[in-house]
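Structure data (mmCIF, N, CA and C atoms) from run_26.cif:
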```cif
data_run
loop_
_atom_site.label_atom_id
_atom_site.label_comp_id
_atom_site.auth_asym_id
_atom_site.auth_seq_id
_atom_site.Cartn_x
_atom_site.Cartn_y
_atom_site.Cartn_z
N ASP A 154 -110.64 150.61 215.57
CA ASP A 154 -111.11 149.42 214.87
C ASP A 154 -112.15 149.85 213.82
N ALA A 155 -111.94 149.43 212.60
CA ALA A 155 -112.81 149.83 211.49
C ALA A 155 -114.24 149.34 211.66
N SER A 156 -114.42 148.14 212.21
CA SER A 156 -115.78 147.63 212.37
C SER A 156 -116.57 148.45 213.37
N VAL A 157 -115.92 148.94 214.41
CA VAL A 157 -116.60 149.80 215.38
C VAL A 157 -117.03 151.09 214.71
N LEU A 158 -116.17 151.65 213.86
CA LEU A 158 -116.52 152.88 213.16
C LEU A 158 -117.68 152.66 212.21
N GLU A 159 -117.71 151.51 211.53
CA GLU A 159 -118.83 151.20 210.64
C GLU A 159 -120.12 151.06 211.42
N GLU A 160 -120.07 150.36 212.54
CA GLU A 160 -121.25 150.19 213.39
C GLU A 160 -121.74 151.54 213.89
N SER A 161 -120.81 152.38 214.35
CA SER A 161 -121.21 153.67 214.90
C SER A 161 -121.80 154.55 213.82
N THR A 162 -121.27 154.45 212.60
CA THR A 162 -121.83 155.24 211.50
C THR A 162 -123.28 154.83 211.26
N ASP A 163 -123.57 153.55 211.28
CA ASP A 163 -124.94 153.08 211.13
C ASP A 163 -125.82 153.61 212.26
N LEU A 164 -125.29 153.56 213.46
CA LEU A 164 -126.04 154.05 214.63
C LEU A 164 -126.26 155.56 214.52
N GLU A 165 -125.24 156.29 214.11
CA GLU A 165 -125.38 157.73 213.94
C GLU A 165 -126.46 158.06 212.90
N ARG A 166 -126.41 157.39 211.78
CA ARG A 166 -127.41 157.62 210.73
C ARG A 166 -128.82 157.37 211.25
N LEU A 167 -128.96 156.34 212.03
CA LEU A 167 -130.27 156.01 212.58
C LEU A 167 -130.71 157.08 213.59
N LEU A 168 -129.82 157.52 214.44
CA LEU A 168 -130.16 158.56 215.41
C LEU A 168 -130.60 159.85 214.72
N ILE A 169 -129.95 160.18 213.65
CA ILE A 169 -130.26 161.40 212.90
C ILE A 169 -131.65 161.34 212.28
N ARG A 170 -132.13 160.15 211.99
CA ARG A 170 -133.45 159.98 211.35
C ARG A 170 -134.63 160.16 212.29
N PHE A 171 -134.40 160.25 213.59
CA PHE A 171 -135.49 160.29 214.56
C PHE A 171 -136.53 161.38 214.29
N PRO A 172 -136.13 162.63 214.06
CA PRO A 172 -137.15 163.66 213.79
C PRO A 172 -138.02 163.34 212.56
N GLU A 173 -137.40 162.79 211.55
CA GLU A 173 -138.14 162.39 210.34
C GLU A 173 -139.16 161.30 210.65
N VAL A 174 -138.75 160.32 211.46
CA VAL A 174 -139.66 159.24 211.83
C VAL A 174 -140.84 159.78 212.62
N LEU A 175 -140.58 160.68 213.55
CA LEU A 175 -141.67 161.27 214.33
C LEU A 175 -142.64 162.04 213.43
N LYS A 176 -142.10 162.81 212.53
CA LYS A 176 -142.93 163.60 211.63
C LYS A 176 -143.82 162.70 210.78
N ARG A 177 -143.24 161.67 210.17
CA ARG A 177 -144.02 160.76 209.34
C ARG A 177 -145.06 160.01 210.16
N SER A 178 -144.70 159.64 211.37
CA SER A 178 -145.63 158.92 212.23
C SER A 178 -146.84 159.79 212.54
N ARG A 179 -146.60 161.07 212.84
CA ARG A 179 -147.71 161.99 213.12
C ARG A 179 -148.56 162.23 211.88
N GLU A 180 -147.91 162.52 210.77
CA GLU A 180 -148.63 162.82 209.53
C GLU A 180 -149.51 161.66 209.07
N GLU A 181 -148.99 160.46 209.22
CA GLU A 181 -149.71 159.27 208.76
C GLU A 181 -150.54 158.63 209.87
N GLN A 182 -150.51 159.22 211.06
CA GLN A 182 -151.18 158.64 212.22
C GLN A 182 -150.83 157.15 212.35
N ALA A 183 -149.52 156.92 212.38
CA ALA A 183 -149.00 155.56 212.39
C ALA A 183 -147.95 155.40 213.50
N PRO A 184 -148.42 155.24 214.76
CA PRO A 184 -147.46 155.11 215.86
C PRO A 184 -146.54 153.89 215.73
N HIS A 185 -146.97 152.91 214.95
CA HIS A 185 -146.12 151.72 214.78
C HIS A 185 -144.78 152.07 214.13
N LYS A 186 -144.72 153.17 213.40
CA LYS A 186 -143.45 153.58 212.79
C LYS A 186 -142.43 153.95 213.87
N VAL A 187 -142.90 154.56 214.94
CA VAL A 187 -142.00 154.90 216.05
C VAL A 187 -141.55 153.61 216.74
N ILE A 188 -142.45 152.69 216.92
CA ILE A 188 -142.11 151.41 217.55
C ILE A 188 -141.07 150.66 216.72
N GLN A 189 -141.28 150.60 215.42
CA GLN A 189 -140.31 149.93 214.54
C GLN A 189 -138.94 150.61 214.60
N TYR A 190 -138.95 151.94 214.60
CA TYR A 190 -137.71 152.70 214.67
C TYR A 190 -136.97 152.41 215.98
N LEU A 191 -137.70 152.47 217.10
CA LEU A 191 -137.06 152.23 218.40
C LEU A 191 -136.51 150.81 218.52
N THR A 192 -137.21 149.86 217.93
CA THR A 192 -136.73 148.48 217.93
C THR A 192 -135.43 148.36 217.14
N LEU A 193 -135.40 148.99 215.98
CA LEU A 193 -134.18 148.98 215.16
C LEU A 193 -133.05 149.72 215.87
N LEU A 194 -133.38 150.85 216.50
CA LEU A 194 -132.37 151.61 217.24
C LEU A 194 -131.77 150.77 218.37
N ALA A 195 -132.60 150.08 219.10
CA ALA A 195 -132.10 149.22 220.19
C ALA A 195 -131.18 148.13 219.65
N SER A 196 -131.55 147.57 218.52
CA SER A 196 -130.72 146.53 217.89
C SER A 196 -129.36 147.09 217.47
N GLU A 197 -129.37 148.27 216.85
CA GLU A 197 -128.12 148.90 216.43
C GLU A 197 -127.26 149.26 217.64
N TRP A 198 -127.89 149.72 218.72
CA TRP A 198 -127.15 150.03 219.94
C TRP A 198 -126.48 148.78 220.48
N ASN A 199 -127.21 147.68 220.52
CA ASN A 199 -126.65 146.43 221.03
C ASN A 199 -125.44 146.00 220.20
N SER A 200 -125.52 146.16 218.88
CA SER A 200 -124.39 145.83 218.01
C SER A 200 -123.19 146.73 218.31
N PHE A 201 -123.45 148.02 218.47
CA PHE A 201 -122.39 148.97 218.79
C PHE A 201 -121.74 148.63 220.14
N TYR A 202 -122.57 148.41 221.14
CA TYR A 202 -122.09 148.15 222.49
C TYR A 202 -121.31 146.83 222.58
N ALA A 203 -121.70 145.88 221.78
CA ALA A 203 -121.03 144.57 221.79
C ALA A 203 -119.62 144.63 221.20
N GLN A 204 -119.31 145.70 220.49
CA GLN A 204 -117.99 145.83 219.86
C GLN A 204 -116.87 146.06 220.87
N GLY A 205 -117.20 146.50 222.05
CA GLY A 205 -116.16 146.71 223.06
C GLY A 205 -116.57 147.75 224.07
N LYS A 206 -115.70 147.94 225.04
CA LYS A 206 -116.02 148.88 226.11
C LYS A 206 -115.95 150.32 225.62
N ILE A 207 -116.67 151.18 226.31
CA ILE A 207 -116.67 152.61 225.99
C ILE A 207 -115.73 153.33 226.96
N ILE A 208 -115.95 153.12 228.26
CA ILE A 208 -115.14 153.77 229.29
C ILE A 208 -113.72 153.21 229.23
N GLY A 209 -112.75 154.11 229.11
CA GLY A 209 -111.35 153.68 229.07
C GLY A 209 -110.84 153.36 227.68
N SER A 210 -111.68 153.47 226.67
CA SER A 210 -111.24 153.20 225.31
C SER A 210 -110.67 154.46 224.67
N LYS A 211 -110.02 154.30 223.51
CA LYS A 211 -109.47 155.45 222.79
C LYS A 211 -110.58 156.42 222.38
N GLY A 212 -111.72 155.88 222.03
CA GLY A 212 -112.84 156.69 221.59
C GLY A 212 -113.87 156.94 222.68
N GLU A 213 -113.41 157.07 223.92
CA GLU A 213 -114.33 157.21 225.05
C GLU A 213 -115.28 158.39 224.89
N ALA A 214 -114.77 159.55 224.53
CA ALA A 214 -115.62 160.74 224.40
C ALA A 214 -116.69 160.52 223.32
N TYR A 215 -116.27 159.94 222.22
CA TYR A 215 -117.21 159.66 221.13
C TYR A 215 -118.26 158.64 221.59
N GLY A 216 -117.81 157.57 222.21
CA GLY A 216 -118.73 156.54 222.69
C GLY A 216 -119.74 157.07 223.69
N LEU A 217 -119.28 157.94 224.59
CA LEU A 217 -120.19 158.54 225.56
C LEU A 217 -121.20 159.46 224.88
N SER A 218 -120.76 160.17 223.86
CA SER A 218 -121.69 161.04 223.11
C SER A 218 -122.77 160.22 222.42
N ILE A 219 -122.35 159.12 221.81
CA ILE A 219 -123.31 158.24 221.14
C ILE A 219 -124.27 157.64 222.18
N ALA A 220 -123.73 157.23 223.32
CA ALA A 220 -124.57 156.65 224.38
C ALA A 220 -125.61 157.66 224.86
N LYS A 221 -125.19 158.89 225.08
CA LYS A 221 -126.12 159.94 225.53
C LYS A 221 -127.20 160.21 224.49
N ALA A 222 -126.80 160.24 223.22
CA ALA A 222 -127.77 160.46 222.14
C ALA A 222 -128.75 159.30 222.06
N PHE A 223 -128.26 158.09 222.24
CA PHE A 223 -129.13 156.91 222.22
C PHE A 223 -130.15 156.98 223.35
N VAL A 224 -129.70 157.27 224.56
CA VAL A 224 -130.60 157.34 225.72
C VAL A 224 -131.65 158.43 225.52
N ALA A 225 -131.22 159.59 225.08
CA ALA A 225 -132.16 160.70 224.88
C ALA A 225 -133.20 160.35 223.82
N THR A 226 -132.76 159.72 222.75
CA THR A 226 -133.68 159.36 221.67
C THR A 226 -134.66 158.29 222.13
N MET A 227 -134.17 157.28 222.83
CA MET A 227 -135.07 156.24 223.33
C MET A 227 -136.09 156.83 224.30
N LYS A 228 -135.64 157.67 225.21
CA LYS A 228 -136.56 158.27 226.18
C LYS A 228 -137.63 159.09 225.47
N GLN A 229 -137.21 159.90 224.52
CA GLN A 229 -138.17 160.74 223.80
C GLN A 229 -139.15 159.88 222.99
N GLY A 230 -138.64 158.85 222.34
CA GLY A 230 -139.51 157.96 221.56
C GLY A 230 -140.53 157.25 222.44
N LEU A 231 -140.09 156.78 223.59
CA LEU A 231 -141.01 156.11 224.50
C LEU A 231 -142.02 157.10 225.09
N LYS A 232 -141.57 158.33 225.34
CA LYS A 232 -142.47 159.36 225.85
C LYS A 232 -143.57 159.66 224.84
N VAL A 233 -143.21 159.74 223.57
CA VAL A 233 -144.19 159.97 222.50
C VAL A 233 -145.25 158.87 222.50
N LEU A 234 -144.82 157.67 222.82
CA LEU A 234 -145.73 156.52 222.85
C LEU A 234 -146.42 156.37 224.21
N ALA A 235 -146.16 157.29 225.13
CA ALA A 235 -146.73 157.27 226.49
C ALA A 235 -146.29 156.04 227.28
N ILE A 236 -145.04 155.64 227.06
CA ILE A 236 -144.47 154.51 227.80
C ILE A 236 -143.46 155.08 228.80
N PRO A 237 -143.69 154.87 230.10
CA PRO A 237 -142.75 155.40 231.10
C PRO A 237 -141.39 154.69 231.01
N THR A 238 -140.35 155.43 231.34
CA THR A 238 -139.00 154.87 231.34
C THR A 238 -138.44 154.87 232.75
N PRO A 239 -137.68 153.82 233.11
CA PRO A 239 -137.06 153.80 234.43
C PRO A 239 -135.88 154.77 234.46
N GLU A 240 -135.59 155.29 235.63
CA GLU A 240 -134.43 156.18 235.78
C GLU A 240 -133.13 155.38 235.70
N ARG A 241 -133.15 154.18 236.26
CA ARG A 241 -131.96 153.31 236.25
C ARG A 241 -132.39 151.89 236.01
N MET A 242 -131.45 151.13 235.48
CA MET A 242 -131.71 149.70 235.26
C MET A 242 -130.71 148.90 236.04
#
```
Let me see the structure of the file written as structure tokens.
Amino acid sequence: DASVLEESTDLERLLIRFPEVLKRSREEQAPHKVIQYLTLLASEWNSFYAQGKIIGSKGEAYGLSIAKAFVATMKQGLKVLAIPTPERM
């Protein structure tokens, strides 16, 4: 589905920007930049996830890779902000 690919491309672009956001946040002493980024990332993830199931889909491997990257990025971003993350929800 083309819309899923467009959504995932947006999500991928956002995931790739994480190191840049961290660097700018540190340089400018502006932790709110990390908060804004994580909020946008969560929104993009919700849009991606709403497009359909991951497990059992044609793009399962890709979807799982994006999911793992999302989780790792969110955990790292929250850790930078000293916000604990639950192991499971």
With 12 Å as the cut-off and only C-alpha atoms counted, what is the closest atom pair between each nearby residue of segment 200-240 of chain A and segment 172-179 of chain A? Distances in Å to one decimal, ordered by chain and number, as JSON lines.
```
{"residue": "A:Thr226", "atom": "CA", "partner": "A:Pro172", "partner_atom": "CA", "distance": 9.6}
{"residue": "A:Gln229", "atom": "CA", "partner": "A:Leu175", "partner_atom": "CA", "distance": 10.1}
{"residue": "A:Gly230", "atom": "CA", "partner": "A:Leu175", "partner_atom": "CA", "distance": 8.2}
{"residue": "A:Leu231", "atom": "CA", "partner": "A:Leu175", "partner_atom": "CA", "distance": 11.4}
{"residue": "A:Lys232", "atom": "CA", "partner": "A:Leu175", "partner_atom": "CA", "distance": 11.7}
{"residue": "A:Val233", "atom": "CA", "partner": "A:Leu175", "partner_atom": "CA", "distance": 8.6}
{"residue": "A:Leu234", "atom": "CA", "partner": "A:Leu175", "partner_atom": "CA", "distance": 10.6}
```
- Atomic distance atom CA of Glu240 of chain A - atom C of Arg166 of chain A, expressed in Å with one decimal: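 Result for atom CA of Glu240 of chain A versus atom C of Arg166 of chain A: 25.2 Å, one decimal.
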If we count only N, CA and C atoms and set the cut-off at 8 Å, which residues sit around segment 192-196 of chain A, ignoring sequence neighbours fewer than 4 positions away in its own chain? Please answer as a PDB file with N, CA and C atoms, keeping the file's coordinate frame.
```pdb
ATOM      1  N   LEU A 164    -125.290 153.560 213.460  1.00  0.00           N
ATOM      2  CA  LEU A 164    -126.040 154.050 214.630  1.00  0.00           C
ATOM      3  C   LEU A 164    -126.260 155.560 214.520  1.00  0.00           C
ATOM      4  N   LEU A 167    -128.960 156.340 212.030  1.00  0.00           N
ATOM      5  CA  LEU A 167    -130.270 156.010 212.580  1.00  0.00           C
ATOM      6  C   LEU A 167    -130.710 157.080 213.590  1.00  0.00           C
ATOM      7  N   LEU A 168    -129.820 157.520 214.440  1.00  0.00           N
ATOM      8  CA  LEU A 168    -130.160 158.560 215.410  1.00  0.00           C
ATOM      9  C   LEU A 168    -130.600 159.850 214.720  1.00  0.00           C
ATOM     10  N   LYS A 186    -144.720 153.170 213.400  1.00  0.00           N
ATOM     11  CA  LYS A 186    -143.450 153.580 212.790  1.00  0.00           C
ATOM     12  C   LYS A 186    -142.430 153.950 213.870  1.00  0.00           C
ATOM     13  N   VAL A 187    -142.900 154.560 214.940  1.00  0.00           N
ATOM     14  CA  VAL A 187    -142.000 154.900 216.050  1.00  0.00           C
ATOM     15  C   VAL A 187    -141.550 153.610 216.740  1.00  0.00           C
ATOM     16  N   ILE A 188    -142.450 152.690 216.920  1.00  0.00           N
ATOM     17  CA  ILE A 188    -142.110 151.410 217.550  1.00  0.00           C
ATOM     18  C   ILE A 188    -141.070 150.660 216.720  1.00  0.00           C
ATOM     19  N   SER A 200    -125.520 146.160 218.880  1.00  0.00           N
ATOM     20  CA  SER A 200    -124.390 145.830 218.010  1.00  0.00           C
ATOM     21  C   SER A 200    -123.190 146.730 218.310  1.00  0.00           C
ATOM     22  N   PHE A 201    -123.450 148.020 218.470  1.00  0.00           N
ATOM     23  CA  PHE A 201    -122.390 148.970 218.790  1.00  0.00           C
ATOM     24  C   PHE A 201    -121.740 148.630 220.140  1.00  0.00           C
ATOM     25  N   TYR A 202    -122.570 148.410 221.140  1.00  0.00           N
ATOM     26  CA  TYR A 202    -122.090 148.150 222.490  1.00  0.00           C
ATOM     27  C   TYR A 202    -121.310 146.830 222.580  1.00  0.00           C
ATOM     28  N   PHE A 223    -128.260 158.090 222.240  1.00  0.00           N
ATOM     29  CA  PHE A 223    -129.130 156.910 222.220  1.00  0.00           C
ATOM     30  C   PHE A 223    -130.150 156.980 223.350  1.00  0.00           C
ATOM     31  N   MET A 227    -134.170 157.280 222.830  1.00  0.00           N
ATOM     32  CA  MET A 227    -135.070 156.240 223.330  1.00  0.00           C
ATOM     33  C   MET A 227    -136.090 156.830 224.300  1.00  0.00           C
TER      34      MET A 227
END
```
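Applied to this file, the PyMOL selection byres (((chain A and resi 214-220 and name CA) around 10) and name CA) selects Ser161, Leu164, Glu165, Leu168, Trp198, Phe201, Tyr202, Lys206, Ile207, Ile208, Gly209, Ser210, Lys211, Gly212, Glu213, Lys221, Ala222, Phe223, Val224, Ala225 and Thr226 of chain A.
The space separating atom CA of Asn199 of chain A from atom CA of Gln182 of chain A comes to 28.8 Å.
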- Sel. of helix (DSSP H, G or I) residues, chain A, as an MDAnalysis selection string: chainID A and resid 155:169 171:180 185:203 213:233
- Length of the atom CA of Ala203 of chain A to atom C of Thr238 of chain A vector [Å]: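 Separation of atom CA of Ala203 of chain A and atom C of Thr238 of chain A: 23.0 Å.
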Please return the centre and edge lengths, in Å to one decimal, of a box with edges along x, y and z that contains all listed atoms of segment 179-182 of chain A, widened by 5 Å on every side, as AutoDock Vina command-line options.
```
--center_x -148.9 --center_y 160.0 --center_z 210.9 --size_x 14.6 --size_y 15.7 --size_z 14.4
```
